[in-house]
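S.K.: My structure is stored as target.txt, with compact mmCIF, C-alpha atoms.
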# COMPACT_ATOMS: atom_id res chain seq x y z
CA MET R 1 19.93 11.24 89.27
CA HIS R 2 16.57 10.36 90.75
CA SER R 3 17.40 11.82 94.14
CA ILE R 4 16.37 15.14 95.62
CA PRO R 5 18.19 17.68 97.83
CA GLY R 6 18.10 16.86 101.53
CA ARG R 7 17.06 13.32 100.79
CA ARG R 8 19.03 11.78 103.62
CA LEU R 9 17.33 14.00 106.18
CA ILE R 10 13.85 13.41 104.73
CA LEU R 11 14.32 9.66 104.61
CA ALA R 12 15.81 9.52 108.11
CA LEU R 13 12.91 11.53 109.57
CA PHE R 14 10.36 9.33 107.81
CA LEU R 15 11.99 6.09 108.94
CA ILE R 16 12.14 7.36 112.52
CA PHE R 17 8.45 8.25 112.25
CA LEU R 18 7.76 4.68 111.12
CA LEU R 19 9.89 3.04 113.78
CA LEU R 20 9.01 5.11 116.84
CA PRO R 21 5.50 3.68 117.50
CA ILE R 22 6.80 0.15 116.95
CA TYR R 23 9.69 0.83 119.32
CA TRP R 24 7.24 2.08 121.93
CA LEU R 25 5.23 -1.14 121.69
CA VAL R 26 8.36 -3.31 121.99
CA ASN R 27 9.62 -1.13 124.82
CA MET R 28 6.38 -1.52 126.76
CA SER R 29 6.34 -5.27 126.21
CA PHE R 30 9.52 -5.57 128.32
CA LYS R 31 8.26 -3.38 131.16
CA THR R 32 6.31 -4.33 134.22
CA ASN R 33 2.81 -2.89 134.53
CA ASP R 34 4.06 -0.89 137.47
CA GLU R 35 6.76 0.82 135.43
CA ILE R 36 4.37 1.56 132.55
CA VAL R 37 1.78 3.22 134.75
CA SER R 38 3.88 4.99 137.36
CA THR R 39 6.84 6.42 135.43
CA MET R 40 7.74 7.61 131.95
CA THR R 41 10.85 5.71 130.91
CA LEU R 42 12.30 5.72 127.39
CA TRP R 43 13.64 2.21 127.82
CA PRO R 44 12.74 -0.55 130.28
CA HIS R 45 14.71 0.19 133.47
CA ALA R 46 13.78 -3.15 134.97
CA PRO R 47 13.49 -5.32 131.86
CA THR R 48 11.32 -8.36 132.27
CA ILE R 49 10.10 -11.16 130.03
CA ALA R 50 7.22 -11.94 132.36
CA ASN R 51 4.75 -10.54 129.82
CA TYR R 52 5.99 -12.94 127.17
CA MET R 53 5.99 -15.84 129.63
CA ARG R 54 2.37 -15.04 130.40
CA ILE R 55 1.04 -14.87 126.84
CA LEU R 56 2.86 -18.07 125.89
CA THR R 57 1.87 -20.12 128.94
CA ASP R 58 -1.53 -18.79 129.99
CA GLU R 59 -4.17 -20.59 127.97
CA SER R 60 -6.55 -17.63 127.81
CA TRP R 61 -3.81 -15.80 125.90
CA TYR R 62 -2.22 -18.43 123.70
CA SER R 63 -5.53 -19.97 122.64
CA GLY R 64 -5.93 -16.89 120.43
CA TYR R 65 -2.86 -17.85 118.42
CA ILE R 66 -4.10 -21.42 118.11
CA ASN R 67 -7.50 -20.23 116.89
CA SER R 68 -5.82 -18.00 114.32
CA LEU R 69 -3.67 -20.89 113.11
CA LYS R 70 -6.69 -23.17 112.84
CA TYR R 71 -8.52 -20.53 110.87
CA VAL R 72 -5.57 -20.03 108.52
CA VAL R 73 -5.11 -23.76 107.91
CA ILE R 74 -8.80 -24.44 107.24
CA ASN R 75 -9.10 -21.35 105.07
CA THR R 76 -6.02 -22.24 103.02
CA VAL R 77 -7.07 -25.85 102.52
CA ILE R 78 -10.61 -24.98 101.43
CA SER R 79 -9.75 -22.07 99.17
CA ILE R 80 -6.85 -23.82 97.43
CA SER R 81 -8.58 -27.16 96.96
CA VAL R 82 -11.65 -25.41 95.59
CA ALA R 83 -9.87 -22.83 93.47
CA LEU R 84 -7.09 -24.99 92.03
CA PRO R 85 -9.17 -27.07 89.60
CA ALA R 86 -11.26 -24.09 88.47
CA PRO R 87 -8.88 -22.30 86.09
CA SER R 88 -7.68 -25.52 84.47
CA GLY R 89 -11.32 -26.52 84.05
CA SER R 90 -12.38 -23.31 82.39
CA THR R 91 -9.32 -23.15 80.13
CA ALA R 92 -9.72 -26.80 79.15
CA ALA R 93 -13.28 -26.13 78.09
CA ARG R 94 -12.22 -23.02 76.22
CA ARG R 95 -9.31 -24.84 74.58
CA THR R 96 -11.53 -27.51 73.15
CA ASP R 97 -13.92 -24.76 72.09
CA ALA R 98 -11.15 -22.93 70.28
CA CYS R 99 -9.93 -26.13 68.61
CA ARG R 100 -13.38 -26.74 67.28
CA ARG R 101 -13.53 -23.28 65.78
CA GLY R 102 -9.90 -23.58 64.68
CA SER R 103 -9.04 -20.06 65.74
CA GLY R 104 -7.29 -19.80 69.12
CA SER R 105 -4.19 -21.82 68.32
CA ALA R 106 -3.55 -19.94 65.11
CA ARG R 107 -3.80 -16.65 66.97
CA THR R 108 -1.29 -17.68 69.58
CA ARG R 109 1.21 -18.84 66.96
CA ARG R 110 1.20 -15.57 65.07
CA PRO R 111 4.61 -13.89 65.29
CA PRO R 112 4.66 -10.65 67.28
CA ALA R 113 3.80 -7.66 65.12
CA ARG R 114 6.77 -5.49 64.34
CA ARG R 115 6.54 -1.87 65.17
CA PRO R 116 7.18 0.38 62.13
CA LYS R 117 10.50 2.14 62.43
CA SER R 118 10.17 5.85 62.85
CA ARG R 119 13.46 6.69 61.28
CA MET Q 1 -7.72 -30.90 65.32
CA ASP Q 2 -9.56 -34.17 65.94
CA LYS Q 3 -9.82 -33.46 69.67
CA THR Q 4 -13.31 -34.00 70.91
CA VAL Q 5 -15.15 -31.18 72.58
CA ASN Q 6 -15.07 -31.90 76.28
CA GLN Q 7 -17.42 -29.64 78.15
CA LYS Q 8 -17.16 -31.92 81.17
CA ALA Q 9 -14.18 -29.76 82.17
CA TRP Q 10 -16.69 -27.24 83.46
CA PHE Q 11 -17.36 -29.62 86.35
CA LEU Q 12 -13.95 -28.60 87.69
CA VAL Q 13 -15.35 -25.10 88.11
CA LEU Q 14 -18.33 -26.37 90.05
CA PRO Q 15 -16.74 -26.46 93.56
CA VAL Q 16 -15.57 -22.85 93.43
CA PHE Q 17 -18.93 -21.84 91.99
CA LEU Q 18 -20.75 -23.49 94.89
CA VAL Q 19 -18.45 -22.01 97.52
CA VAL Q 20 -18.79 -18.51 96.09
CA ALA Q 21 -22.55 -18.96 95.78
CA PHE Q 22 -22.86 -19.89 99.43
CA SER Q 23 -20.28 -17.49 100.85
CA ALA Q 24 -20.89 -14.43 98.68
CA VAL Q 25 -24.00 -14.53 96.50
CA LEU Q 26 -26.43 -15.86 99.09
CA PRO Q 27 -25.39 -13.41 101.85
CA LEU Q 28 -25.55 -10.54 99.36
CA MET Q 29 -29.06 -11.56 98.31
CA THR Q 30 -30.01 -11.81 101.98
CA VAL Q 31 -28.89 -8.20 102.40
CA VAL Q 32 -30.94 -7.17 99.36
CA ASN Q 33 -33.90 -9.01 100.89
CA TYR Q 34 -33.47 -7.30 104.28
CA SER Q 35 -33.13 -3.86 102.68
CA MET Q 36 -36.77 -4.05 101.57
CA GLN Q 37 -38.14 -5.09 104.96
CA ASP Q 38 -38.49 -3.96 108.53
CA THR Q 39 -38.15 -6.12 111.61
CA PHE Q 40 -39.18 -5.74 115.21
CA GLY Q 41 -37.29 -8.79 116.37
CA ASN Q 42 -38.60 -12.33 116.87
CA ASN Q 43 -37.68 -13.04 113.24
CA GLN Q 44 -40.81 -11.19 112.05
CA PHE Q 45 -40.38 -9.16 108.90
CA PHE Q 46 -42.63 -6.57 107.27
CA TRP Q 47 -42.46 -5.36 103.69
CA ASN Q 48 -41.14 -1.82 103.36
CA GLY Q 49 -40.38 -1.48 99.63
CA VAL Q 50 -37.86 1.24 98.86
CA GLY Q 51 -38.73 3.09 102.08
CA TRP Q 52 -35.29 2.70 103.61
CA PHE Q 53 -33.57 3.91 100.47
CA LYS Q 54 -35.78 7.00 100.35
CA GLU Q 55 -35.05 7.70 104.00
CA LEU Q 56 -31.34 7.10 103.44
CA LEU Q 57 -31.07 9.83 100.81
CA ASP Q 58 -33.23 12.32 102.71
CA PRO Q 59 -31.09 14.33 105.13
CA SER Q 60 -34.10 15.44 107.20
CA THR Q 61 -34.63 11.91 108.59
CA ASP Q 62 -32.51 10.38 111.32
CA LEU Q 63 -31.11 7.63 109.10
CA GLY Q 64 -30.44 9.93 106.14
CA GLY Q 65 -28.83 12.55 108.34
CA ARG Q 66 -26.51 10.02 109.92
CA PHE Q 67 -25.64 8.40 106.58
CA LEU Q 68 -24.90 11.66 104.76
CA ALA Q 69 -22.92 13.05 107.70
CA SER Q 70 -20.75 9.94 107.85
CA LEU Q 71 -20.44 9.93 104.04
CA TRP Q 72 -19.06 13.49 103.97
CA ARG Q 73 -16.83 12.71 106.93
CA ASN Q 74 -15.50 9.68 105.10
CA LEU Q 75 -14.97 11.57 101.82
CA PHE Q 76 -13.16 14.34 103.71
CA PHE Q 77 -11.00 11.74 105.43
CA SER Q 78 -10.13 10.09 102.10
CA ALA Q 79 -9.33 13.46 100.53
CA VAL Q 80 -6.98 14.41 103.40
CA ILE Q 81 -5.37 10.96 103.30
CA LEU Q 82 -4.71 11.22 99.55
CA ALA Q 83 -3.49 14.82 99.81
CA ILE Q 84 -0.90 13.78 102.40
CA GLU Q 85 0.08 10.25 101.42
CA VAL Q 86 0.56 10.65 97.67
CA PRO Q 87 2.97 13.64 97.76
CA LEU Q 88 4.74 12.24 100.83
CA GLY Q 89 5.07 8.85 99.17
CA ILE Q 90 6.59 10.45 96.06
CA VAL Q 91 9.04 12.47 98.17
CA VAL Q 92 10.07 9.36 100.13
CA ALA Q 93 10.49 7.36 96.90
CA LEU Q 94 12.67 10.13 95.48
CA SER Q 95 14.72 10.16 98.69
CA MET Q 96 15.52 6.46 98.56
CA PRO Q 97 19.20 5.60 98.32
CA ARG Q 98 20.29 4.41 94.88
CA GLN Q 99 22.44 1.43 95.73
CA GLY Q 100 24.20 -0.50 98.46
CA TRP Q 101 22.95 -2.23 101.58
CA SER Q 102 20.95 0.81 102.64
CA VAL Q 103 18.40 0.15 99.88
CA ALA Q 104 17.47 -3.21 101.37
CA ALA Q 105 17.40 -1.77 104.90
CA CYS Q 106 15.13 1.09 103.86
CA LEU Q 107 12.79 -1.26 101.99
CA VAL Q 108 12.47 -3.52 105.03
CA ILE Q 109 11.69 -0.60 107.37
CA LEU Q 110 9.22 0.83 104.85
CA ALA Q 111 7.45 -2.51 104.58
CA LEU Q 112 7.17 -2.97 108.37
CA PRO Q 113 3.92 -1.02 108.93
CA LEU Q 114 2.30 -2.81 106.00
CA LEU Q 115 2.81 -6.16 107.72
CA ILE Q 116 1.20 -5.20 111.03
CA PRO Q 117 -2.41 -6.34 111.49
CA TRP Q 118 -4.97 -3.50 111.45
CA ASN Q 119 -6.03 -4.19 114.99
CA VAL Q 120 -2.48 -3.99 116.26
CA VAL Q 121 -1.93 -0.73 114.35
CA GLY Q 122 -4.94 0.68 116.18
CA THR Q 123 -3.61 -0.57 119.50
CA ILE Q 124 -0.14 0.85 118.85
CA TRP Q 125 -1.51 4.34 118.18
CA GLN Q 126 -4.09 4.10 120.93
CA ILE Q 127 -1.24 3.58 123.38
CA PHE Q 128 1.26 5.86 121.64
CA GLY Q 129 -1.14 8.81 121.80
CA ARG Q 130 -2.20 8.42 125.41
CA PRO Q 131 -1.12 11.37 127.54
CA ASP Q 132 -0.26 9.17 130.53
CA ILE Q 133 1.64 6.20 129.10
CA GLY Q 134 2.17 7.00 125.41
CA LEU Q 135 5.30 8.72 124.16
CA LEU Q 136 3.48 10.97 121.68
CA GLY Q 137 0.76 12.14 124.05
CA TYR Q 138 3.21 12.58 126.92
CA VAL Q 139 5.69 14.65 124.89
CA LEU Q 140 2.99 16.83 123.29
CA ASN Q 141 1.40 17.58 126.64
CA ASN Q 142 4.75 18.31 128.23
CA ILE Q 143 5.72 20.87 125.59
CA GLY Q 144 2.49 22.70 126.28
CA ILE Q 145 0.12 21.32 123.65
CA ASN Q 146 -3.06 20.15 125.27
CA TYR Q 147 -3.45 16.95 123.28
CA ASN Q 148 -6.13 14.40 124.09
CA TYR Q 149 -7.71 12.31 121.37
CA VAL Q 150 -10.45 11.01 123.66
CA SER Q 151 -12.08 14.37 124.36
CA ASN Q 152 -10.94 16.72 121.59
CA GLU Q 153 -12.39 16.33 118.08
CA PHE Q 154 -9.43 17.86 116.28
CA ASP Q 155 -6.97 15.67 118.17
CA ALA Q 156 -9.02 12.57 117.38
CA TRP Q 157 -8.99 13.44 113.68
CA ALA Q 158 -5.28 14.22 113.74
CA THR Q 159 -4.53 10.91 115.43
CA VAL Q 160 -6.59 8.89 112.95
CA ILE Q 161 -5.01 10.68 109.98
CA VAL Q 162 -1.44 10.40 111.27
CA MET Q 163 -2.08 6.73 112.00
CA ASP Q 164 -3.25 6.12 108.43
CA VAL Q 165 -0.28 8.07 107.06
CA TRP Q 166 1.97 5.93 109.24
CA HIS Q 167 0.34 2.72 108.08
CA TRP Q 168 0.00 3.30 104.35
CA THR Q 169 2.41 5.96 103.06
CA SER Q 170 4.95 3.15 102.67
CA LEU Q 171 2.70 1.49 100.12
CA VAL Q 172 2.61 4.63 97.96
CA ALA Q 173 6.36 5.06 98.42
CA LEU Q 174 7.11 1.46 97.42
CA LEU Q 175 4.88 1.69 94.34
CA CYS Q 176 6.51 4.98 93.29
CA TYR Q 177 9.95 3.55 93.96
CA ALA Q 178 9.16 0.63 91.63
CA GLY Q 179 7.98 3.13 89.01
CA LEU Q 180 11.17 5.19 89.36
CA LYS Q 181 13.33 2.07 89.14
CA SER Q 182 11.87 1.24 85.73
CA ILE Q 183 13.11 4.50 84.15
CA PRO Q 184 16.13 3.75 81.95
CA ASP Q 185 19.31 5.75 82.63
CA ALA Q 186 19.24 7.05 79.05
CA TYR Q 187 16.36 9.36 79.96
CA TYR Q 188 18.41 11.00 82.69
CA GLN Q 189 21.45 11.27 80.42
CA ALA Q 190 19.33 12.96 77.77
CA ALA Q 191 17.99 15.36 80.38
CA GLN Q 192 21.54 16.13 81.49
CA ILE Q 193 22.63 16.89 77.94
CA ASP Q 194 19.64 19.21 77.52
CA GLY Q 195 20.60 20.91 80.78
CA ALA Q 196 17.24 20.16 82.36
CA SER Q 197 16.66 21.42 85.88
CA ARG Q 198 15.88 19.09 88.76
CA TRP Q 199 12.21 20.18 88.59
CA ALA Q 200 12.07 19.63 84.81
CA VAL Q 201 13.41 16.11 85.25
CA PHE Q 202 10.69 15.48 87.79
CA THR Q 203 7.78 16.86 85.74
CA ALA Q 204 8.93 15.69 82.30
CA ILE Q 205 10.43 12.27 83.08
CA GLN Q 206 9.69 10.95 86.54
CA LEU Q 207 6.06 12.01 86.97
CA PRO Q 208 4.86 10.76 83.54
CA LYS Q 209 6.71 7.50 84.12
CA MET Q 210 5.06 7.09 87.52
CA ASN Q 211 1.64 7.82 86.05
CA ARG Q 212 0.33 4.28 86.13
CA VAL Q 213 1.62 3.29 89.55
CA LEU Q 214 0.33 6.57 90.97
CA LEU Q 215 -3.15 5.82 89.62
CA ILE Q 216 -3.02 2.39 91.24
CA ALA Q 217 -1.79 3.93 94.50
CA VAL Q 218 -4.59 6.51 94.48
CA LEU Q 219 -7.17 3.82 93.77
CA LEU Q 220 -5.89 1.55 96.55
CA ARG Q 221 -5.61 4.34 99.07
CA PHE Q 222 -9.01 5.77 98.24
CA MET Q 223 -10.71 2.39 98.53
CA ASP Q 224 -8.97 1.47 101.76
CA SER Q 225 -9.62 4.82 103.40
CA PHE Q 226 -13.21 4.84 102.21
CA MET Q 227 -13.79 1.40 103.72
CA ILE Q 228 -11.76 2.02 106.88
CA TYR Q 229 -13.14 0.49 110.06
CA THR Q 230 -10.71 -1.23 112.40
CA GLU Q 231 -8.14 1.44 113.13
CA PRO Q 232 -10.44 4.37 114.02
CA PHE Q 233 -12.71 1.95 115.84
CA VAL Q 234 -9.84 0.77 118.05
CA VAL Q 235 -8.41 4.26 118.65
CA THR Q 236 -11.42 6.55 118.96
CA GLY Q 237 -14.43 4.22 118.69
CA GLY Q 238 -16.00 6.83 116.41
CA GLY Q 239 -15.81 9.52 119.06
CA PRO Q 240 -15.66 11.98 120.66
CA GLY Q 241 -19.38 12.18 119.95
CA ASN Q 242 -19.74 11.18 116.31
CA SER Q 243 -16.76 13.14 115.04
CA THR Q 244 -14.77 10.18 113.67
CA THR Q 245 -17.71 7.88 112.88
CA PHE Q 246 -17.02 6.80 109.32
CA ILE Q 247 -19.58 4.97 107.17
CA SER Q 248 -18.51 1.49 108.16
CA ILE Q 249 -18.59 2.38 111.87
CA GLU Q 250 -22.05 3.91 111.44
CA LEU Q 251 -23.13 0.77 109.59
CA VAL Q 252 -22.04 -1.51 112.42
CA LYS Q 253 -23.74 0.75 114.96
CA ILE Q 254 -27.04 0.50 113.07
CA ALA Q 255 -26.77 -3.19 112.26
CA LEU Q 256 -25.39 -4.63 115.49
CA GLY Q 257 -25.92 -1.83 117.99
CA GLN Q 258 -29.55 -1.03 117.23
CA PHE Q 259 -30.26 -4.24 115.29
CA ASP Q 260 -32.06 -2.27 112.56
CA LEU Q 261 -31.40 -4.86 109.88
CA GLY Q 262 -33.48 -3.19 107.16
CA LYS Q 263 -31.79 0.21 107.55
CA ALA Q 264 -28.35 -1.36 107.77
CA ALA Q 265 -28.95 -3.49 104.68
CA ALA Q 266 -30.09 -0.48 102.65
CA LEU Q 267 -27.09 1.52 103.89
CA SER Q 268 -24.63 -1.23 103.02
CA LEU Q 269 -26.08 -1.60 99.53
CA VAL Q 270 -25.75 2.12 98.84
CA TYR Q 271 -22.23 2.03 100.33
CA ASN Q 272 -21.41 -0.88 98.03
CA ILE Q 273 -22.79 0.88 94.95
CA ILE Q 274 -20.72 4.00 95.68
CA ILE Q 275 -17.58 1.85 95.91
CA ILE Q 276 -18.38 -0.01 92.68
CA ILE Q 277 -19.01 3.26 90.82
CA VAL Q 278 -15.75 4.78 92.02
CA CYS Q 279 -13.91 1.56 91.07
CA TRP Q 280 -15.44 1.68 87.61
CA VAL Q 281 -14.44 5.33 87.13
CA PHE Q 282 -10.86 4.56 88.16
CA TYR Q 283 -10.75 1.49 85.94
CA THR Q 284 -11.95 3.49 82.94
CA VAL Q 285 -9.43 6.24 83.59
CA MET Q 286 -6.65 3.69 83.99
CA THR Q 287 -7.41 1.77 80.82
CA ASN Q 288 -7.82 5.01 78.87
CA ALA Q 289 -4.47 6.24 80.14
CA GLY Q 290 -2.95 2.99 78.89
CA VAL Q 291 -4.51 3.34 75.42
CA GLU Q 292 -3.36 6.94 75.13
CA ARG Q 293 0.17 5.94 75.96
CA ARG Q 294 0.23 3.18 73.39
CA ASP Q 295 -1.07 5.59 70.74
CA ASN Q 296 1.63 8.10 71.57
CA LYS Q 297 4.24 5.40 71.24
CA GLY Q 298 2.86 4.36 67.85
CA VAL Q 299 3.14 7.91 66.55
CA ALA Q 300 6.62 8.61 67.86
Represent the supplied structure as structure tokens.
M.R.:
Amino acid sequence: MHSIPGRRLILALFLIFLLLPIYWLVNMSFKTNDEIVSTMTLWPHAPTIANYMRILTDESWYSGYINSLKYVVINTVISISVALPAPSGSTAARRTDACRRGSGSARTRRPPARRPKSR
Amino acid sequence: MDKTVNQKAWFLVLPVFLVVAFSAVLPLMTVVNYSMQDTFGNNQFFWNGVGWFKELLDPSTDLGGRFLASLWRNLFFSAVILAIEVPLGIVVALSMPRQGWSVAACLVILALPLLIPWNVVGTIWQIFGRPDIGLLGYVLNNIGINYNYVSNEFDAWATVIVMDVWHWTSLVALLCYAGLKSIPDAYYQAAQIDGASRWAVFTAIQLPKMNRVLLIAVLLRFMDSFMIYTEPFVVTGGGPGNSTTFISIELVKIALGQFDLGKAAALSLVYNIIIIIVCWVFYTVMTNAGVERRDNKGVA
């Protein structure tokens, strides 16, 4: 029921619109520089994995991935180790606060309020 | 209740407090400090009071003119983005298949652009739009449309907008799809019994039920498009001329290009305040919408 007329066509056009630029990037990654610059081909006529070989073996290219990984690891370790104790700390302090006032626990144990029936 | 009060637990919050103080509060205060001063290099600073802020809001000065021009440009960009992405996202969400393997396939394809790093999105469209090696530019030029985003202002704008639509419409569509999914079948059955038209179902059931997610989508899309930097920078670099120089690009030009730290600091503070105000307005609207809905439920 939640569909609209012509939905297949609309969705297909939109998905093609999403995929086309990505396809073009993938397509170019399997071409030689020569083919990219000199001709307009819709698919790689002389497919090559030389580009991939280069970025994975040439240090000036793969060092970028290593730097990104380093950054991610350091970032994750610092932010998690710093952030993890914080919420338990603040809730622990609040819990003892609430116990002293004798309010919080009572509030949490209250049964859920019933909605008045309309009919 | 004989637990002792243990305020030592606050020490657990200390590390995150220190990290945030050093990584967020101190830099922010440095910016506030810079915004009141002028520098001629050599780490020499001179007091300037609110001079930069005055200049910033006065369109007759160079700084104010550039700021206000980029502000309007950015607001126009955000308005166009919202006007395209929100309706398109709703239409795509309504077009989603209802069951079967195609749902999962569609969701994966929709999510693809969201997973691509901003820089790569810029690179993809920079290449895709090039008249010599890009499919889009090549096809457009071959069917007689003189398309070149490097030299033509309109083409540059169109490219940046289409790129943003490509990148983020999926987000709106996925949010709306989630909103549609949460509508119980009983609503549709009731509509069928009443003989409601397709349009009535949309305006009376689907749109009100998508209210909240749409607000979130509008907020996210406005904020992102208002703070956009990477993609237009990679594709057009703010050009041709200044035609696609949004606020953040202008900010980097002033701060790192000209090294006018005082001007850049004042600009970034005003930029920040605008964003906070808009956030606050959206938050108020959102919470009010929630209260209204609860009240309606209580009455019914």
S.K.: Calculated over all atoms listed in the file, which of the candidates R:Ala86, R:Leu13, R:Ala50, R:Ile80 has the smallest distance to chain Q?
M.R.: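 Result for the nearest residue to chain Q: R:Ala86.
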S.K.: Distance atom CA of R:Gly6-atom CA of Q:Leu174, one decimal place?
M.R.: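 Distance reported for this atom pair: 19.4 Å.
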S.K.: Just need the residues of chain Q within 6 Å of chain R, counting only C-alpha atoms, so spit them out as a PyMOL selection string.
M.R.: chain Q and resi 5+7+9-10+12-13+15-16+94-95
S.K.: Output the selection as a PDB file, in the frame of the given file - C-alpha atoms for each residue.
M.R.:
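Result file is selection-v7.pdb:
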ATOM      1  CA  VAL Q   5     -15.150 -31.180  72.580  1.00  0.00           C
ATOM      2  CA  GLN Q   7     -17.420 -29.640  78.150  1.00  0.00           C
ATOM      3  CA  ALA Q   9     -14.180 -29.760  82.170  1.00  0.00           C
ATOM      4  CA  TRP Q  10     -16.690 -27.240  83.460  1.00  0.00           C
ATOM      5  CA  LEU Q  12     -13.950 -28.600  87.690  1.00  0.00           C
ATOM      6  CA  VAL Q  13     -15.350 -25.100  88.110  1.00  0.00           C
ATOM      7  CA  PRO Q  15     -16.740 -26.460  93.560  1.00  0.00           C
ATOM      8  CA  VAL Q  16     -15.570 -22.850  93.430  1.00  0.00           C
ATOM      9  CA  LEU Q  94      12.670  10.130  95.480  1.00  0.00           C
ATOM     10  CA  SER Q  95      14.720  10.160  98.690  1.00  0.00           C
TER      11      SER Q  95
END
S.K.: Between atom CA of Q:Ile84 and atom CA of Q:Val165, what distance in Å does the model show, to one decimal?
M.R.: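 Value for the atom CA of Q:Ile84-atom CA of Q:Val165 distance: 7.4 Å.
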S.K.: Residues within 12 Å of Q:Leu68, please, as a list in words. Count all atoms listed in the file; anything in the same chain fewer than 5 positions from it doesn't count.
M.R.: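 Within the cut-off, the hits are Glu55, Leu56, Leu57, Asp58, Pro59, Ser60, Thr61, Asp62, Leu63, Arg73, Asn74, Leu75, Thr245, Phe246, Ile247, Glu250, Leu267, Val270 and Tyr271 of chain Q.
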S.K.: When you draw a straight line from atom CA of Q:Met223 to atom CA of Q:Ile273, how long is it in Å?
M.R.: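 Separation between atom CA of Q:Met223 and atom CA of Q:Ile273: 12.7 Å.
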S.K.: Quick one: residues within 12 Å of Q:Gly122, all atoms listed in the file, excluding same-chain residues fewer than 4 positions away - as a ChimeraX atom specification?
M.R.: /R:21-22,25 /Q:113,116-118,126-129,159-164,166-167,228-237
S.K.: Which residues are close to Q:Leu207, i.e. within 10 Å by only C-alpha atoms, leaving aside same-chain residues fewer than 4 positions away? Reply as a PyMOL selection string.
M.R.: chain Q and resi 90+176+179-180+200-203+211-212+214
S.K.: Write out as a list in words each polymer residue whose atoms come within 10 Å of Q:Trp52, counting only C-alpha atoms; drop sequence neighbours fewer than 5 positions from it.
M.R.: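 Once the nearby chain positions are removed, what remains is Ser35, Met36, Gln37, Asp38, Leu57, Asp58, Leu63, Gly64, Gly262, Lys263, Ala264, Ala265, Ala266 and Leu267 of chain Q.
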